[in-house]
Structure formats: structure tokens, C-alpha cells
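Source file: input.pdb (PDB, C-alpha atoms, pLDDT in the B column)
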ATOM      1  CA  MET A   1     110.589  95.161  96.406  1.00 40.00           C
ATOM      2  CA  LEU A   2     110.381  96.585  99.922  1.00 45.00           C
ATOM      3  CA  ALA A   3     107.294  95.478 101.814  1.00 47.00           C
ATOM      4  CA  VAL A   4     105.725  97.723 104.424  1.00 46.00           C
ATOM      5  CA  ALA A   5     103.723  95.509 106.791  1.00 45.00           C
ATOM      6  CA  GLY A   6     102.485  93.334 103.950  1.00 46.00           C
ATOM      7  CA  LEU A   7     101.994  96.160 101.465  1.00 45.00           C
ATOM      8  CA  SER A   8     104.319  97.041  98.626  1.00 51.00           C
ATOM      9  CA  LYS A   9     106.112 100.358  98.983  1.00 49.00           C
ATOM     10  CA  ALA A  10     103.946 101.779  96.192  1.00 56.00           C
ATOM     11  CA  GLN A  11     100.737 100.826  98.059  1.00 75.00           C
ATOM     12  CA  ALA A  12     101.698 101.853 101.583  1.00 91.00           C
ATOM     13  CA  PRO A  13     100.359 105.283 102.492  1.00 96.00           C
ATOM     14  CA  LYS A  14     102.845 107.740 103.920  1.00 96.00           C
ATOM     15  CA  VAL A  15     102.470 108.537 107.619  1.00 97.00           C
ATOM     16  CA  ALA A  16     100.690 111.859 108.131  1.00 97.00           C
ATOM     17  CA  GLU A  17     101.956 114.237 110.805  1.00 97.00           C
ATOM     18  CA  ASN A  18      98.390 114.486 112.141  1.00 97.00           C
ATOM     19  CA  ASP A  19      98.104 110.695 112.596  1.00 97.00           C
ATOM     20  CA  PRO A  20      97.449 110.001 116.325  1.00 96.00           C
ATOM     21  CA  GLN A  21     100.554 107.761 116.604  1.00 97.00           C
ATOM     22  CA  ALA A  22     102.652 110.394 114.818  1.00 97.00           C
ATOM     23  CA  ILE A  23     101.418 113.116 117.167  1.00 96.00           C
ATOM     24  CA  ALA A  24     102.188 110.951 120.216  1.00 96.00           C
ATOM     25  CA  LEU A  25     105.750 110.403 118.964  1.00 96.00           C
ATOM     26  CA  GLY A  26     106.408 113.966 117.811  1.00 96.00           C
ATOM     27  CA  TYR A  27     106.830 112.695 114.240  1.00 98.00           C
ATOM     28  CA  LYS A  28     107.960 115.168 111.592  1.00 98.00           C
ATOM     29  CA  GLU A  29     108.241 114.237 107.925  1.00 97.00           C
ATOM     30  CA  ASN A  30     111.198 116.629 107.710  1.00 97.00           C
ATOM     31  CA  ALA A  31     113.539 116.278 110.694  1.00 97.00           C
ATOM     32  CA  THR A  32     114.686 119.892 110.380  1.00 96.00           C
ATOM     33  CA  LYS A  33     111.167 120.952 111.478  1.00 96.00           C
ATOM     34  CA  VAL A  34     111.334 119.222 114.900  1.00 96.00           C
ATOM     35  CA  ASP A  35     110.422 121.493 117.820  1.00 94.00           C
ATOM     36  CA  LYS A  36     113.723 121.411 119.731  1.00 94.00           C
ATOM     37  CA  VAL A  37     112.104 122.903 122.833  1.00 95.00           C
ATOM     38  CA  LYS A  38     109.387 120.257 123.007  1.00 95.00           C
ATOM     39  CA  PHE A  39     111.818 117.468 122.017  1.00 96.00           C
ATOM     40  CA  PRO A  40     115.221 118.361 123.512  1.00 96.00           C
ATOM     41  CA  LYS A  41     116.408 114.796 122.772  1.00 94.00           C
ATOM     42  CA  TYR A  42     116.471 115.695 119.059  1.00 97.00           C
ATOM     43  CA  ALA A  43     119.901 116.434 117.595  1.00 97.00           C
ATOM     44  CA  VAL A  44     120.783 117.587 114.105  1.00 96.00           C
ATOM     45  CA  GLY A  45     121.550 114.571 111.927  1.00 96.00           C
ATOM     46  CA  GLN A  46     119.006 112.266 113.558  1.00 98.00           C
ATOM     47  CA  LEU A  47     116.881 110.858 110.746  1.00 97.00           C
ATOM     48  CA  CYS A  48     114.697 107.820 110.270  1.00 98.00           C
ATOM     49  CA  SER A  49     117.259 106.608 107.734  1.00 97.00           C
ATOM     50  CA  ASN A  50     119.875 106.218 110.502  1.00 97.00           C
ATOM     51  CA  CYS A  51     117.484 104.871 113.155  1.00 98.00           C
ATOM     52  CA  GLN A  52     117.523 101.203 114.226  1.00 98.00           C
ATOM     53  CA  LEU A  53     113.794 100.899 113.568  1.00 97.00           C
ATOM     54  CA  TYR A  54     113.826 102.130 109.950  1.00 97.00           C
ATOM     55  CA  GLN A  55     113.783  99.589 107.153  1.00 95.00           C
ATOM     56  CA  GLY A  56     114.304 101.285 103.828  1.00 94.00           C
ATOM     57  CA  PRO A  57     116.553 103.410 101.657  1.00 92.00           C
ATOM     58  CA  ALA A  58     118.095 106.614 102.998  1.00 88.00           C
ATOM     59  CA  ASN A  59     116.539 108.715 100.242  1.00 90.00           C
ATOM     60  CA  GLY A  60     113.099 107.226  99.934  1.00 93.00           C
ATOM     61  CA  LEU A  61     110.262 105.648 101.862  1.00 96.00           C
ATOM     62  CA  GLY A  62     110.647 102.734 104.231  1.00 96.00           C
ATOM     63  CA  ALA A  63     108.914 100.759 106.918  1.00 97.00           C
ATOM     64  CA  CYS A  64     108.943 101.422 110.655  1.00 97.00           C
ATOM     65  CA  PRO A  65     107.323  99.030 113.139  1.00 97.00           C
ATOM     66  CA  LEU A  66     105.914 102.030 115.028  1.00 97.00           C
ATOM     67  CA  PHE A  67     103.766 102.933 112.012  1.00 97.00           C
ATOM     68  CA  ALA A  68     102.537  99.527 110.828  1.00 93.00           C
ATOM     69  CA  GLY A  69     101.245  99.499 107.273  1.00 95.00           C
ATOM     70  CA  LYS A  70     102.510 103.004 106.571  1.00 97.00           C
ATOM     71  CA  ALA A  71     105.691 104.335 105.021  1.00 97.00           C
ATOM     72  CA  VAL A  72     108.028 106.946 106.463  1.00 97.00           C
ATOM     73  CA  PRO A  73     110.583 109.043 104.582  1.00 97.00           C
ATOM     74  CA  GLY A  74     114.243 108.522 105.403  1.00 97.00           C
ATOM     75  CA  ALA A  75     114.454 112.252 106.222  1.00 97.00           C
ATOM     76  CA  ALA A  76     111.763 112.048 108.937  1.00 98.00           C
ATOM     77  CA  TRP A  77     112.184 111.870 112.749  1.00 98.00           C
ATOM     78  CA  CYS A  78     110.223 110.837 115.840  1.00 98.00           C
ATOM     79  CA  SER A  79     110.933 110.700 119.557  1.00 97.00           C
ATOM     80  CA  ALA A  80     111.546 106.929 119.422  1.00 98.00           C
ATOM     81  CA  TYR A  81     114.754 107.569 117.446  1.00 98.00           C
ATOM     82  CA  ALA A  82     117.513 105.089 118.313  1.00 98.00           C
ATOM     83  CA  LYS A  83     120.828 105.456 116.475  1.00 97.00           C
ATOM     84  CA  LYS A  84     121.870 102.463 114.389  1.00 94.00           C
ATOM     85  CA  ALA A  85     124.834 100.660 115.875  1.00 86.00           C
TER
END

Kindly present the structure from the file in C-alpha cells form.
Amino acid sequence: MLAVAGLSKAQAPKVAENDPQAIALGYKENATKVDKVKFPKYAVGQLCSNCQLYQGPANGLGACPLFAGKAVPGAAWCSAYAKKA
């Protein structure tokens, strides 16, 4: 079972877009909703599921060290995105 900062995936709350850390990072639960003017670094196809920081399945919830104790969907995005090698 995937652990999210010590919590099981079922127990970890999903990151809310209005969470202060999420706001600071321009987090969007659905990457297609990213404001491309405010975040010009964003490119179509960038998703948490293909970011170096994401630890989880592509089509589900996973852990991200930027949101300790909370789960993020694989289809989400934030400005800390770093493509997996």
C-alpha cells in the first residue's frame, strides 16, 4: 500500500487548490486548468504523474514531498514540476 508521509493512501487528504502551499505553487488538480499566462513554464503534457517529485500511480493519488501528508492526483500540476528523467 502506498504511504503518503506516514498515512495510507486511503487516509491522506487530497491537496486542496486553496491550500496556502498549493496557492504558492500554482497547484491545479487538473493540469488543463493551469493559467498559462501566470505560469508560462507550463506545457501541455506536464502532469504530476510524470514529475520527478511524484510518488504514485499515473491514474490515481500519490505522494509529493511538497505537500507532506497530503495526496495529489497524477493529473495535477504545480510550478515545481520537474520532468522525470

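When CA of Gln11 (chain A) is paired with CA of Ala85 (chain A), their separation reads 30.0 Å.
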
key: Polymer residues at most 12 Å from Leu66 (chain A), all atoms listed in the file, same-chain spacing of 3 or more positions, as number ranges by chain   = A: 4-5, 15, 19-22, 24-25, 27, 48, 52-55, 62-63, 69-72, 77-81

ask   = Which residues match the PyMOL selection byres ((chain A and resi 42) around 12) in the file above, as a PyMOL selection string?
value = chain A and resi 25-28+31-41+43-48+76-83

How big is the axis-aligned box around all listed atoms of region 48-53 of chain A once 5 Å goes on each side, and where's its centre, in Å to one decimal, as lines of an AutoDock Vina configuration file?
center_x = 116.8
center_y = 104.4
center_z = 111.0
size_x = 16.1
size_y = 16.9
size_z = 16.5

inquiry  = Between CA of Leu61 (chain A) and CA of Gly74 (chain A), what distance in Å does the model show, to one decimal?
reply    =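 Between CA of Leu61 (chain A) and CA of Gly74 (chain A) the gap is 6.1 Å.
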
request  = I would like the residues chosen by the PyMOL selection byres ((chain A and resi 59) around 8) on the shown file; could you give them as a list in words?
outcome  = Ser49, Pro57, Ala58, Gly60, Leu61, Pro73, Gly74 and Ala75 of chain A

Reconstruct N, CA and C atoms of region 20-43 of chain A from the incomplete input and present them as an mmCIF file, keeping the file's coordinate frame.
data_model
loop_
_atom_site.group_PDB
_atom_site.id
_atom_site.type_symbol
_atom_site.label_atom_id
_atom_site.label_comp_id
_atom_site.auth_asym_id
_atom_site.auth_seq_id
_atom_site.Cartn_x
_atom_site.Cartn_y
_atom_site.Cartn_z
ATOM 1 N N PRO A 20 97.335 110.041 114.861
ATOM 2 C CA PRO A 20 97.449 110.001 116.325
ATOM 3 C C PRO A 20 98.784 109.415 116.828
ATOM 4 N N GLN A 21 99.263 108.351 116.208
ATOM 5 C CA GLN A 21 100.554 107.761 116.604
ATOM 6 C C GLN A 21 101.689 108.744 116.313
ATOM 7 N N ALA A 22 101.621 109.416 115.183
ATOM 8 C CA ALA A 22 102.652 110.394 114.818
ATOM 9 C C ALA A 22 102.671 111.549 115.817
ATOM 10 N N ILE A 23 101.507 112.025 116.188
ATOM 11 C CA ILE A 23 101.418 113.116 117.167
ATOM 12 C C ILE A 23 102.020 112.671 118.497
ATOM 13 N N ALA A 24 101.685 111.472 118.941
ATOM 14 C CA ALA A 24 102.188 110.951 120.216
ATOM 15 C C ALA A 24 103.709 110.847 120.225
ATOM 16 N N LEU A 25 104.299 110.580 119.051
ATOM 17 C CA LEU A 25 105.750 110.403 118.964
ATOM 18 C C LEU A 25 106.485 111.648 118.480
ATOM 19 N N GLY A 26 105.769 112.741 118.285
ATOM 20 C CA GLY A 26 106.408 113.966 117.811
ATOM 21 C C GLY A 26 106.966 113.833 116.402
ATOM 22 N N TYR A 27 106.365 112.973 115.598
ATOM 23 C CA TYR A 27 106.830 112.695 114.240
ATOM 24 C C TYR A 27 106.803 113.938 113.352
ATOM 25 N N LYS A 28 107.882 114.126 112.613
ATOM 26 C CA LYS A 28 107.960 115.168 111.592
ATOM 27 C C LYS A 28 108.502 114.531 110.323
ATOM 28 N N GLU A 29 107.820 114.783 109.212
ATOM 29 C CA GLU A 29 108.241 114.237 107.925
ATOM 30 C C GLU A 29 109.605 114.789 107.525
ATOM 31 N N ASN A 30 109.912 115.998 107.964
ATOM 32 C CA ASN A 30 111.198 116.629 107.710
ATOM 33 C C ASN A 30 111.839 116.902 109.069
ATOM 34 N N ALA A 31 112.915 116.188 109.373
ATOM 35 C CA ALA A 31 113.539 116.278 110.694
ATOM 36 C C ALA A 31 113.983 117.689 111.052
ATOM 37 N N THR A 32 114.251 118.528 110.070
ATOM 38 C CA THR A 32 114.686 119.892 110.380
ATOM 39 C C THR A 32 113.555 120.735 110.970
ATOM 40 N N LYS A 33 112.326 120.227 110.957
ATOM 41 C CA LYS A 33 111.167 120.952 111.478
ATOM 42 C C LYS A 33 110.797 120.535 112.912
ATOM 43 N N VAL A 34 111.614 119.683 113.536
ATOM 44 C CA VAL A 34 111.334 119.222 114.900
ATOM 45 C C VAL A 34 111.409 120.396 115.870
ATOM 46 N N ASP A 35 110.439 120.472 116.778
ATOM 47 C CA ASP A 35 110.422 121.493 117.820
ATOM 48 C C ASP A 35 111.460 121.096 118.871
ATOM 49 N N LYS A 36 112.599 121.768 118.854
ATOM 50 C CA LYS A 36 113.723 121.411 119.731
ATOM 51 C C LYS A 36 113.450 121.747 121.201
ATOM 52 N N VAL A 37 112.485 122.599 121.455
ATOM 53 C CA VAL A 37 112.104 122.903 122.833
ATOM 54 C C VAL A 37 111.241 121.770 123.381
ATOM 55 N N LYS A 38 110.285 121.334 122.589
ATOM 56 C CA LYS A 38 109.387 120.257 123.007
ATOM 57 C C LYS A 38 110.099 118.905 123.023
ATOM 58 N N PHE A 39 111.081 118.733 122.129
ATOM 59 C CA PHE A 39 111.818 117.468 122.017
ATOM 60 C C PHE A 39 113.321 117.734 122.129
ATOM 61 N N PRO A 40 113.796 118.039 123.336
ATOM 62 C CA PRO A 40 115.221 118.361 123.512
ATOM 63 C C PRO A 40 116.147 117.187 123.194
ATOM 64 N N LYS A 41 115.610 115.975 123.127
ATOM 65 C CA LYS A 41 116.408 114.796 122.772
ATOM 66 C C LYS A 41 116.877 114.865 121.310
ATOM 67 N N TYR A 42 116.128 115.592 120.475
ATOM 68 C CA TYR A 42 116.471 115.695 119.059
ATOM 69 C C TYR A 42 117.832 116.372 118.883
ATOM 70 N N ALA A 43 118.622 115.827 117.971
ATOM 71 C CA ALA A 43 119.901 116.434 117.595
ATOM 72 C C ALA A 43 120.001 116.441 116.078
#
